[in-house]
Amino acid sequence: MGSSSSMPEEVQELADKTGFTLEQIEHLHRRFKQISGDQPTIRKESFDSIPDLEFNPIRSKIVRAFFDKRNLRQGPCGLADEINFEDFLTIMSYFRPIEMNMDEEQLDHFRNEKLKFLFHMYDSDNDGKITLQEYRKVVEELLSRNPHLDESARSIADGAMMEAASICVGQMEPDQVYEGITFEHFLKMWQGIDIDTKMHVRFLNMDTMAHCH
Amino acid sequence: MPGPFLSLLLGSPAVGALQGPWLRPPPEDAGPENGSWGPEGAQENESSVHLAVFSLDYQHVQVPFEITLWIMLASLAKIGFHLYNKLPSVVPESCLLIFVGLIMGGIIYGLNDKSPPVMDSDIFFLYLLPPIVLDAGYFMPHRPFFENIGTILLYAVVGTIWNVFGIGFSLYGICQVKSFQLQDISLLHNLLFGSLIAAVDPVAVLSVFEEIHVNEKLHILVFGESLLNDAVSVVLYKLFRSFCEMSTIKTVDVFAGIGNFFVVGIGGVLVGLLFGMIAAFTTRFTKNIRVIEPLFVFLYSYLSYLTAEMFHLSGIVAIIACAMGMKRYVEANISLKSHTTIKYFMKMWSSVSDTLIFIFLGVSTIGDNHEWSWPYICFTIIFCLLWRALGVLVLTFFVNRLHVNTVTSKDQFIIAYGGLRGAICFSLVFLLPDFPRKKLFIAATTVVILFTVFVQGMTIRPLVDLLDVKRKGESVPTVGEQIHIRFLDHLLAGIEDISGHWGQYYWKDKLEYFNSKYLQKFLLREYDQPKSSIVLLYEKLERKHAIELVEAGQLIHAPSHTSLLNSNRSGVMVKDSDSLNEAVLENIQKILTRNLYKIRRTVPAYNRHTLPGESGTAEQAKEILILRHRSLRIHMNRSDSDHSRKEKNDSDSAHGGSDTKPKLRRSLTVGNPEKVPGMKCNRSKSMSFSSPLQLGSTELVNEEEREKGSHAEIEIHMKESERKKEVCRTEALLLHTIPAHLLRTGSKTC
């Protein structure tokens, strides 16, 4: 899957599968080659070469998401060791902007896919729910630039979890245990935030390319 | 003679007061006021040998007296409107104020039988407009503004230019028609008129839109446009005005005009940011003189406005840039009280300004300043509406092609319909150089303003209801949402980095990085580490809570602790449960209701009349009650665990370490996180999450026994300040994150 630009049918296949245009695929392929150093696959270490990514607090989660088999649609759990260009495109396709000509069903499906991607980022142990520990880890990573706030991170996470419980389950019996946030609950939580318009990257203009080391 | 004396006494000071320093008399009048004291003076002279026991010297206090009277009139009018509750919802306040102004103008006209004075443009631009714009800029919500900045700028710049040229050229076309007798108005004059009438007015928009509560995006689009189009209208107005005076116009001048626009806009922003940074830097050193902190905010903002005006840059853009730039750092540096002071003063000043502007608008309408011409005026109104609608349609078409976040057609209608003109146009038209048709322009401007404010202002609310435009959502901001939004921000920035695309999130991230690395070190007094918005959100509440807790904590006495403790245990699987001490609880509830806690919302303050976070309810008192219970229990548990740790070291280790327990309380999680992965949310009758259920019933019983024996410790522990702080933190967090309905169920059984 190296040089797709010389094989139009494969590119067309990719375009149909992921929804990108031919131009965008070409640009992303160039970028892929930059990251991988002209190799056919990239590993986790390849992402170290992107300078701006270092300062991102949730860097590890983002990189991990690229290798998550659930996102790559290769299996229910686990991590791949390396990904090829097709997988790269698959991950990127989660961030396509919604198009005007999509109907309700397609929009719903698309939205679900995006939220599933997010859910997988939160749920690191692949058990289908976001437990308190995982939530805490997310908050800690988000606040990782502030070294003095470990305690607060925990309390914030706890409070957020309680909130989530109240939104999702409502009134609970005294003995009930809230195991974790399932995907349905997750959907409910994100209802207020307009995913359709927020979670996308404009792949239109790719001329301003950032360079790796 | 008492008669003429009285009439002079009543008539002339009143009229003199009405004229005042705000208003200069219309050109053809000469003020006869100075001679008014003639007869009285003559009387004085006759008895000049004696010392006057009672004397009146109006001249001495005239200026401040008259200013105060005007402001008093404005404020009393405002009270009057709000006394009758239904009125502001039907008729917007701006209409009522203009009406009052019209009445006042009529009175002056009747008394003096000459035109009432007209509002001085200098006074308007230098004194009345800045407070309103400052208020708008300071409380502008950052996120929606910058998310929609592209659209806003498009409407403001391109839209205004479109309107100006459209109205100018079409009016010129009308002037060509022979039967209207308007042929002496040249194209340049028409364009000049177009440039001042085309711009949407922020004052009018604000006063109308804040009452109808449309959704945030729509509000920010209209409002942002009205603020930012100042740059364009300033440039075009000055351009056409200087063209009027020049004999020949070369293309060089046109290019100079375009260049001037960039200078005006960008220069305004730079001036504003400069003063904003200086203000932030100044507040870094105000730790010991907290009292004058609010003053700096106002002084620097006003300075930025005046400096921009001095260089003929856009003052409005400067003051907005100043306010938005300095807000973040100033708020971190100043004390809480200064912050409240700033908020209140800004709202007060902008309110007064707003009211005065509309009243003067009404007063200045009456008089001989107008030349009426039916065709010109009617067509002006028609073209204003038409070109605005067309402009919005065309521009939105382009916006929707580029953006995912579309502007719906309902939104478009409201944007087009909400293009109100106001006092800025009015002042600009009076600043026009004198030429034969000036009075016609004044008349046309007045009619357009009155039309937009009255007709459009009054009908926009029913239209919003009719079209079912999306209204402002009533949602309490939650920590969870904030976490998700930040997560998404970082995620998208990361994806943009990976894909090599420098998009919106990339730049936002870079700005944040620059901010935390350089700016914050320089401008913040207590620079420990960069603060995330999540942390800021909940620290704000923590502070307020700490004060509340200190007040309430001292009122509760020792004996009630046992009963509270026992009552809290009642819902949990514990064998012994004493009966609730009802009287004690009622007492506490009474105490707490007195110190009502108001949940502070971080929603933007659009309303001119109230500040955010001012609606206190009884439910919140109950919430406090629940949390007090919890906090007391936490105190006691912690004191117990400390106490027990000293005494019973061995048994503690058998329970899995009591050092885990304080961690439990502090973080208010249920259970030991290492042991039990799930989180137990115990919606028990009195308390909720914090019961360490999974330690097992035996442990609970042991705990109970321990607690019974340590009442004496409790009071002492209560007074320790760090404990309070910790509880405050968690309590603040809880109060912030737990919705009220949840806590209410707990209170029923209390």
# chains A, B, ... in the order shown; residues from 1 in each chain; ligands from 1
>>> residues_around(residues="Ala164 (chain A)", least_positions_apart="4", cutoff="8 Å", atoms="only C-alpha atoms", output="ChimeraX atom specification")
/A:160,168,181,185,189 /B:480
>>> write_last_selection(atoms="N, CA and C atoms", output="mmCIF file, in the first residue's frame")
data_model
loop_
_atom_site.group_PDB
_atom_site.id
_atom_site.type_symbol
_atom_site.label_atom_id
_atom_site.label_comp_id
_atom_site.auth_asym_id
_atom_site.auth_seq_id
_atom_site.Cartn_x
_atom_site.Cartn_y
_atom_site.Cartn_z
ATOM 1 N N ALA A 160 -17.512 14.777 38.381
ATOM 2 C CA ALA A 160 -18.040 14.598 37.024
ATOM 3 C C ALA A 160 -18.716 13.244 36.886
ATOM 4 N N CYS A 168 -27.497 9.928 33.663
ATOM 5 C CA CYS A 168 -27.784 8.705 32.936
ATOM 6 C C CYS A 168 -28.773 7.807 33.655
ATOM 7 N N ILE A 181 -19.784 4.250 33.003
ATOM 8 C CA ILE A 181 -20.576 4.880 31.948
ATOM 9 C C ILE A 181 -20.557 3.973 30.727
ATOM 10 N N HIS A 185 -25.079 5.760 27.933
ATOM 11 C CA HIS A 185 -24.983 6.891 28.849
ATOM 12 C C HIS A 185 -24.079 7.962 28.264
ATOM 13 N N MET A 189 -24.675 11.965 27.630
ATOM 14 C CA MET A 189 -23.871 13.034 28.188
ATOM 15 C C MET A 189 -23.449 14.028 27.123
ATOM 16 N N GLY B 480 -18.436 18.254 34.074
ATOM 17 C CA GLY B 480 -18.292 17.180 33.095
ATOM 18 C C GLY B 480 -18.252 17.702 31.670
#
>>> residues_around(residues="region 7-19 of chain A", least_positions_apart="4", cutoff="7 Å", atoms="only C-alpha atoms", output="number ranges by chain")
A: 89-90, 93
>>> select_by_dssp(residues="region 7-150 of chain A", states="alpha helix (DSSP H)", output="PyMOL selection string")
chain A and resi 8-18+22-36+59-67+69-72+85-93+104-122+132-142+150
>>> select_by_dssp(residues="region 12-81 of chain A", states="strand (DSSP E or B)", output="NGL selection string")
:A and (41-43 or 68 or 79)
>>> atom_distance(atom1="CA of Val448 (chain B)", atom2="CA of Asn112 (chain B)")
27.4 Å
>>> closest_residue(among="B:Gln412, B:Ser373, B:Asn85, B:Ser233", to="Asp201 (chain B)", atoms="only C-alpha atoms")
B:Ser233
>>> residues_around(residues="Leu450 (chain B)", least_positions_apart="3", cutoff="10 Å", atoms="only C-alpha atoms", output="list in words")
Cys95, Ile98, Leu361, Gly362, Thr365, Leu420, Arg421, Gly422, Ala444, Thr445, Thr446, Val447, Val453, Phe454, Val455, Gln456 and Gly457 of chain B
>>> write_last_selection(atoms="C-alpha atoms", output="PDB file, in the first residue's frame")
ATOM      1  CA  CYS B  95     -38.953  52.817  22.604  1.00  0.00           C
ATOM      2  CA  ILE B  98     -37.465  57.734  23.180  1.00  0.00           C
ATOM      3  CA  LEU B 361     -32.641  61.021  20.849  1.00  0.00           C
ATOM      4  CA  GLY B 362     -36.254  61.742  21.636  1.00  0.00           C
ATOM      5  CA  THR B 365     -36.166  64.901  17.351  1.00  0.00           C
ATOM      6  CA  LEU B 420     -31.341  48.448  13.993  1.00  0.00           C
ATOM      7  CA  ARG B 421     -30.014  51.924  13.572  1.00  0.00           C
ATOM      8  CA  GLY B 422     -29.505  54.136  16.535  1.00  0.00           C
ATOM      9  CA  ALA B 444     -34.242  61.019   7.007  1.00  0.00           C
ATOM     10  CA  THR B 445     -31.910  59.734   9.693  1.00  0.00           C
ATOM     11  CA  THR B 446     -34.384  60.533  12.419  1.00  0.00           C
ATOM     12  CA  VAL B 447     -37.173  58.755  10.631  1.00  0.00           C
ATOM     13  CA  VAL B 453     -36.418  51.204  16.968  1.00  0.00           C
ATOM     14  CA  PHE B 454     -40.173  51.393  17.183  1.00  0.00           C
ATOM     15  CA  VAL B 455     -41.433  49.184  14.417  1.00  0.00           C
ATOM     16  CA  GLN B 456     -38.648  46.635  14.227  1.00  0.00           C
ATOM     17  CA  GLY B 457     -37.925  46.739  17.927  1.00  0.00           C
TER      18      GLY B 457
END
>>> closest_residue(among="A:Asp87, A:Asp158, A:Glu105, A:Glu134", to="chain B", atoms="only C-alpha atoms")
A:Asp158
>>> residues_around(residues="Val214 (chain B)", least_positions_apart="4", cutoff="10 Å", atoms="only C-alpha atoms", output="JSON list (two decimals) with C-alpha atoms, in the first residue's frame")
[["chain", "number", "residue", "atom", "x", "y", "z"],
["B", 209, "PHE", "CA", -31.85, 41.71, 21.82],
["B", 210, "GLU", "CA", -31.21, 41.38, 25.49],
["B", 218, "LEU", "CA", -27.48, 34.27, 16.73],
["B", 219, "HIS", "CA", -27.01, 36.82, 19.45],
["B", 220, "ILE", "CA", -23.27, 36.86, 19.01],
["B", 411, "ASP", "CA", -31.48, 32.99, 11.81],
["B", 414, "ILE", "CA", -33.57, 37.65, 12.45],
["B", 461, "ARG", "CA", -40.24, 39.67, 19.81],
["B", 464, "VAL", "CA", -39.10, 35.43, 17.22],
["B", 465, "ASP", "CA", -41.95, 33.62, 18.93],
["B", 468, "ASP", "CA", -39.90, 29.64, 16.77],
["B", 469, "VAL", "CA", -36.32, 30.72, 16.66],
["B", 470, "LYS", "CA", -34.10, 28.67, 18.89],
["B", 471, "ARG", "CA", -33.88, 30.38, 22.24],
["B", 472, "LYS", "CA", -31.11, 30.55, 24.74],
["B", 473, "GLY", "CA", -30.76, 27.22, 26.48]]
